[in-house]
Structure formats: structure tokens, C-alpha cells
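Beneath this line is the structure, given in C-alpha cells, with notes to follow.
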Amino acid sequence: MEYWDIYDKNKRRTGRLMKKNDWILKDGEYHLSVLGAVMRPDGKFLITQRVLTKPWAPGWWEIPGGAVQAGETSEAAVLREVREETGLDVSDAAGGYVFSYHRENPGEGDNYFVDIYRFVIDFDESDVKIQEEEVLGSCLATSAQIRALAEQGIFLHYDSIRQIFE
């Protein structure tokens, strides 16, 4: 069973845990997720498409990411998620943490912080090894192509993270 730390409104761990996807958070409590934009020196970003079996936003495009596990740092989580979903090791890549945002969903038990990272690394598409349980496919896209997917309503979190693509 995977557990997540519960954070307070100041993004400090409370010492309490929640089970993965067990939406029990009270107002003022949060879990932490990460997103890792992987950019090549030519300015193209690696984006992934969610498998069609996902209960939320199946088939939509996104950048790699996921929840921070209990006891894990944000940075360790983003490195793990990028490697799991794409096969790429960005631990020595240029870049790193850029910004955070948070969402509150009163009464739903799902309040969260998201730490956003951007890594710049030279890689070939053949280096990408997708995690087939989570990822349907991947491609390299320009900022304009990502914006076009967002305008079609099929790119996750775009309004919250669009500055990462600038």
C-alpha cells in the first residue's frame, strides 16, 4: 500500500499519512504532487499521453509526474516519476525546481500542492521507454503545439503550468 504525507497550508508535513487516493483531507490539509517538464536543447518538450484505462482524463496529454510518497522529497519524487514514466534519468540534467501551485477542493478531501520542475537534457526519442501501465505514447512538442492541445481541452494542468513552456 502506498502512503502520502499530509501537509498543512504552509506546505509542512503534519506527521500524519493518508493512503494513496484516499480523499480524506480536511480543509487546510494537502497532499503533494510533482510535475517534471523535460526539454531538449532545441526547445522541444517530451509530453506523454495517458492510457485510456485511467479513470480521470484518459487519453489526455501531460508532462510526467505524480504523487510524492510518504517520507520522499519533492525532488526525489520528480526524478522517480520521470524515470518511471519515460525511462529518462534527469538527475544530472540542467534545471530543477521552478515554482509551486496549489488547489483547494472544499468538501472533496482532495487539496494539493504541485511542485513544478523543468529539466533540460539532450536525448533522442529512441531513448524514451514509456511505462505502458500509465502511458499510451509520447512525442516531442513545441510550446505552440502544447498550447494547441490545451486549446482542444486535452492537455492536463496547462493553465496552471503554461509558464514552464515559455
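Chain labels A, B, ... are given in the sequence in which chains occur in the C-alpha cells; within each chain residues are numbered consecutively from 1, and ligands are likewise numbered from 1 in the order shown.
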Run DSSP on the backbone and grab whatever in chain A lands in strand (DSSP E or B); send it over as a count of residues only.
60
Tell me which protein, DNA and RNA residues are within 8 Å of range 137-151 of chain A, counting only C-alpha atoms, leaving out same-chain ones fewer than 3 positions away, and put them as an mmCIF file with N, CA and C atoms, in the first residue's frame.
data_model
loop_
_atom_site.group_PDB
_atom_site.id
_atom_site.type_symbol
_atom_site.label_atom_id
_atom_site.label_comp_id
_atom_site.auth_asym_id
_atom_site.auth_seq_id
_atom_site.Cartn_x
_atom_site.Cartn_y
_atom_site.Cartn_z
ATOM 1 N N GLY A 43 14.520 23.128 -27.622
ATOM 2 C CA GLY A 43 13.290 23.763 -27.168
ATOM 3 C C GLY A 43 12.053 22.886 -27.224
ATOM 4 N N LYS A 44 12.178 21.650 -27.682
ATOM 5 C CA LYS A 44 11.026 20.741 -27.714
ATOM 6 C C LYS A 44 10.896 20.022 -26.370
ATOM 7 N N PHE A 45 9.637 19.795 -25.994
ATOM 8 C CA PHE A 45 9.322 19.146 -24.727
ATOM 9 C C PHE A 45 8.838 17.718 -24.973
ATOM 10 N N LEU A 46 9.186 16.841 -24.053
ATOM 11 C CA LEU A 46 8.661 15.486 -24.078
ATOM 12 C C LEU A 46 7.307 15.503 -23.379
ATOM 13 N N ILE A 47 6.267 15.115 -24.096
ATOM 14 C CA ILE A 47 4.943 15.013 -23.482
ATOM 15 C C ILE A 47 4.460 13.579 -23.616
ATOM 16 N N THR A 48 3.610 13.186 -22.703
ATOM 17 C CA THR A 48 3.106 11.813 -22.689
ATOM 18 C C THR A 48 1.586 11.816 -22.730
ATOM 19 N N GLN A 49 1.061 10.723 -23.259
ATOM 20 C CA GLN A 49 -0.387 10.581 -23.347
ATOM 21 C C GLN A 49 -0.844 9.521 -22.350
ATOM 22 N N ARG A 50 -1.836 9.860 -21.556
ATOM 23 C CA ARG A 50 -2.358 8.950 -20.527
ATOM 24 C C ARG A 50 -3.066 7.757 -21.158
ATOM 25 N N TRP A 61 -3.036 14.508 -22.898
ATOM 26 C CA TRP A 61 -1.594 14.724 -22.897
ATOM 27 C C TRP A 61 -1.186 15.434 -21.619
ATOM 28 N N GLU A 125 14.404 10.484 -29.249
ATOM 29 C CA GLU A 125 13.114 9.839 -28.971
ATOM 30 C C GLU A 125 13.283 8.357 -28.697
ATOM 31 N N ILE A 130 8.546 4.220 -22.414
ATOM 32 C CA ILE A 130 7.345 4.562 -21.655
ATOM 33 C C ILE A 130 6.911 3.429 -20.725
ATOM 34 N N ILE A 154 -7.291 19.022 -24.154
ATOM 35 C CA ILE A 154 -6.759 17.677 -23.911
ATOM 36 C C ILE A 154 -5.316 17.692 -23.395
ATOM 37 N N PHE A 155 -4.914 18.778 -22.713
ATOM 38 C CA PHE A 155 -3.601 18.820 -22.078
ATOM 39 C C PHE A 155 -3.816 19.173 -20.609
ATOM 40 N N LEU A 156 -3.427 18.265 -19.719
ATOM 41 C CA LEU A 156 -3.675 18.431 -18.286
ATOM 42 C C LEU A 156 -2.871 19.579 -17.679
ATOM 43 N N TYR A 158 -2.650 22.657 -18.003
ATOM 44 C CA TYR A 158 -1.989 23.680 -18.813
ATOM 45 C C TYR A 158 -2.092 25.081 -18.206
ATOM 46 N N PHE A 165 6.554 26.303 -20.162
ATOM 47 C CA PHE A 165 6.812 26.094 -21.589
ATOM 48 C C PHE A 165 7.326 27.351 -22.278
ATOM 49 N N GLU A 166 7.503 28.429 -21.543
ATOM 50 C CA GLU A 166 7.945 29.698 -22.149
ATOM 51 C C GLU A 166 9.446 29.835 -22.078
#
I need the residues of range 62-136 of chain A that end up classed as helix (DSSP H, G or I) by DSSP on the backbone, written out as number ranges by chain.
A: 74-86, 125-127
Straight-line distance linking CA of Phe113 in chain A with CA of Thr86 in chain A, stated in Å to one decimal:
22.8 Å
Proximity of range 26-68 of chain A to range 98-103 of chain A: per-residue shortest pair, 12 Å limit, only C-alpha atoms, as a tab-separated table:
residue	atom	partner	partner_atom	distance
A:Asp27	CA	A:Arg103	CA	11.1
A:Gly28	CA	A:Arg103	CA	10.7
A:Glu29	CA	A:Arg103	CA	10.8
A:Tyr30	CA	A:His102	CA	8.7
A:His31	CA	A:His102	CA	9.7
A:Leu32	CA	A:His102	CA	9.0
A:Ser33	CA	A:His102	CA	9.7
A:Val34	CA	A:Ser100	CA	8.9
A:Leu35	CA	A:Ser100	CA	9.7
A:Gly36	CA	A:Val98	CA	9.9
A:Ala37	CA	A:Val98	CA	10.2
Export of the given selection (N, CA and C atoms) as a PDB file, in the first residue's frame:
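Output saved as selection10.pdb:
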ATOM      1  N   ASP A  27     -10.319  20.551   5.144  1.00  0.00           N
ATOM      2  CA  ASP A  27      -9.924  21.872   4.674  1.00  0.00           C
ATOM      3  C   ASP A  27      -8.652  22.278   5.416  1.00  0.00           C
ATOM      4  N   GLY A  28      -7.671  22.813   4.698  1.00  0.00           N
ATOM      5  CA  GLY A  28      -6.404  23.195   5.294  1.00  0.00           C
ATOM      6  C   GLY A  28      -5.364  22.090   5.300  1.00  0.00           C
ATOM      7  N   GLU A  29      -5.719  20.898   4.788  1.00  0.00           N
ATOM      8  CA  GLU A  29      -4.777  19.782   4.659  1.00  0.00           C
ATOM      9  C   GLU A  29      -4.571  19.496   3.175  1.00  0.00           C
ATOM     10  N   TYR A  30      -3.363  19.057   2.846  1.00  0.00           N
ATOM     11  CA  TYR A  30      -2.982  18.880   1.442  1.00  0.00           C
ATOM     12  C   TYR A  30      -2.113  17.639   1.270  1.00  0.00           C
ATOM     13  N   HIS A  31      -2.074  17.119   0.056  1.00  0.00           N
ATOM     14  CA  HIS A  31      -1.027  16.173  -0.320  1.00  0.00           C
ATOM     15  C   HIS A  31      -0.164  16.880  -1.351  1.00  0.00           C
ATOM     16  N   LEU A  32       0.979  16.285  -1.696  1.00  0.00           N
ATOM     17  CA  LEU A  32       1.942  16.925  -2.580  1.00  0.00           C
ATOM     18  C   LEU A  32       2.182  16.070  -3.812  1.00  0.00           C
ATOM     19  N   SER A  33       2.124  16.712  -4.969  1.00  0.00           N
ATOM     20  CA  SER A  33       2.437  16.070  -6.242  1.00  0.00           C
ATOM     21  C   SER A  33       3.535  16.854  -6.932  1.00  0.00           C
ATOM     22  N   VAL A  34       4.106  16.245  -7.963  1.00  0.00           N
ATOM     23  CA  VAL A  34       5.174  16.883  -8.735  1.00  0.00           C
ATOM     24  C   VAL A  34       4.897  16.701 -10.220  1.00  0.00           C
ATOM     25  N   LEU A  35       5.393  17.641 -11.016  1.00  0.00           N
ATOM     26  CA  LEU A  35       5.383  17.530 -12.468  1.00  0.00           C
ATOM     27  C   LEU A  35       6.768  17.890 -12.964  1.00  0.00           C
ATOM     28  N   GLY A  36       7.278  17.123 -13.931  1.00  0.00           N
ATOM     29  CA  GLY A  36       8.616  17.360 -14.449  1.00  0.00           C
ATOM     30  C   GLY A  36       8.621  17.541 -15.952  1.00  0.00           C
ATOM     31  N   ALA A  37       8.761  18.784 -16.399  1.00  0.00           N
ATOM     32  CA  ALA A  37       8.877  19.065 -17.832  1.00  0.00           C
ATOM     33  C   ALA A  37      10.293  18.712 -18.273  1.00  0.00           C
TER      34      ALA A  37
END
Which value, in Å to one decimal, gives the distance between CA of Glu108 in chain A and CA of Lys26 in chain A?
8.4 Å
Using CA of Trp4 in chain A and CA of Ala70 in chain A as the two end points, give the distance in Å to one decimal.
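We find that CA of Trp4 in chain A and CA of Ala70 in chain A lie 4.4 Å from each other.
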If you count only C-alpha atoms, which residues fall within 10 Å of Ala94 in chain A, apart from same-chain ones fewer than 6 positions away, as a ChimeraX atom specification?
/A:39,118-121
Ranking A:Val51, A:Val114, A:Met1, A:Leu79 by minimum distance to Asp22 in chain A and counting only C-alpha atoms, which one comes first?
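Result for the nearest residue to Asp22 in chain A: A:Met1.
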Using only C-alpha atoms, determine which residues lie at most 9 Å from Gly71 in chain A, disregarding the query and same-chain residues fewer than 2 positions distant; provide the list as a PDB file with N, CA, C and O atoms, in the first residue's frame.
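Saved to selection-v6.pdb:
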ATOM      1  N   TRP A   4       0.881   8.639   1.426  1.00  0.00           N
ATOM      2  CA  TRP A   4       1.312  10.003   1.160  1.00  0.00           C
ATOM      3  C   TRP A   4       1.334  10.780   2.472  1.00  0.00           C
ATOM      4  O   TRP A   4       0.483  10.572   3.349  1.00  0.00           O
ATOM      5  N   ASP A   5       2.285  11.709   2.590  1.00  0.00           N
ATOM      6  CA  ASP A   5       2.290  12.611   3.735  1.00  0.00           C
ATOM      7  C   ASP A   5       1.134  13.603   3.601  1.00  0.00           C
ATOM      8  O   ASP A   5       0.745  13.969   2.489  1.00  0.00           O
ATOM      9  N   VAL A  68       4.002  12.540  -4.404  1.00  0.00           N
ATOM     10  CA  VAL A  68       5.174  12.355  -3.560  1.00  0.00           C
ATOM     11  C   VAL A  68       4.786  11.334  -2.490  1.00  0.00           C
ATOM     12  O   VAL A  68       3.785  11.502  -1.794  1.00  0.00           O
ATOM     13  N   GLN A  69       5.556  10.279  -2.384  1.00  0.00           N
ATOM     14  CA  GLN A  69       5.263   9.234  -1.414  1.00  0.00           C
ATOM     15  C   GLN A  69       5.705   9.660  -0.020  1.00  0.00           C
ATOM     16  O   GLN A  69       6.563  10.526   0.140  1.00  0.00           O
ATOM     17  N   THR A  73      11.224  13.251  -0.696  1.00  0.00           N
ATOM     18  CA  THR A  73      11.302  14.675  -1.009  1.00  0.00           C
ATOM     19  C   THR A  73      10.654  14.928  -2.366  1.00  0.00           C
ATOM     20  O   THR A  73      10.518  14.016  -3.189  1.00  0.00           O
TER      21      THR A  73
END
With distances taken over only C-alpha atoms, which of A:Ile161, A:Leu52, A:Asp115, A:Ala93 is nearest to Gly66 in chain A?
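Between A:Ile161, A:Leu52, A:Asp115, A:Ala93, the residue approaching Gly66 in chain A most closely is A:Asp115.
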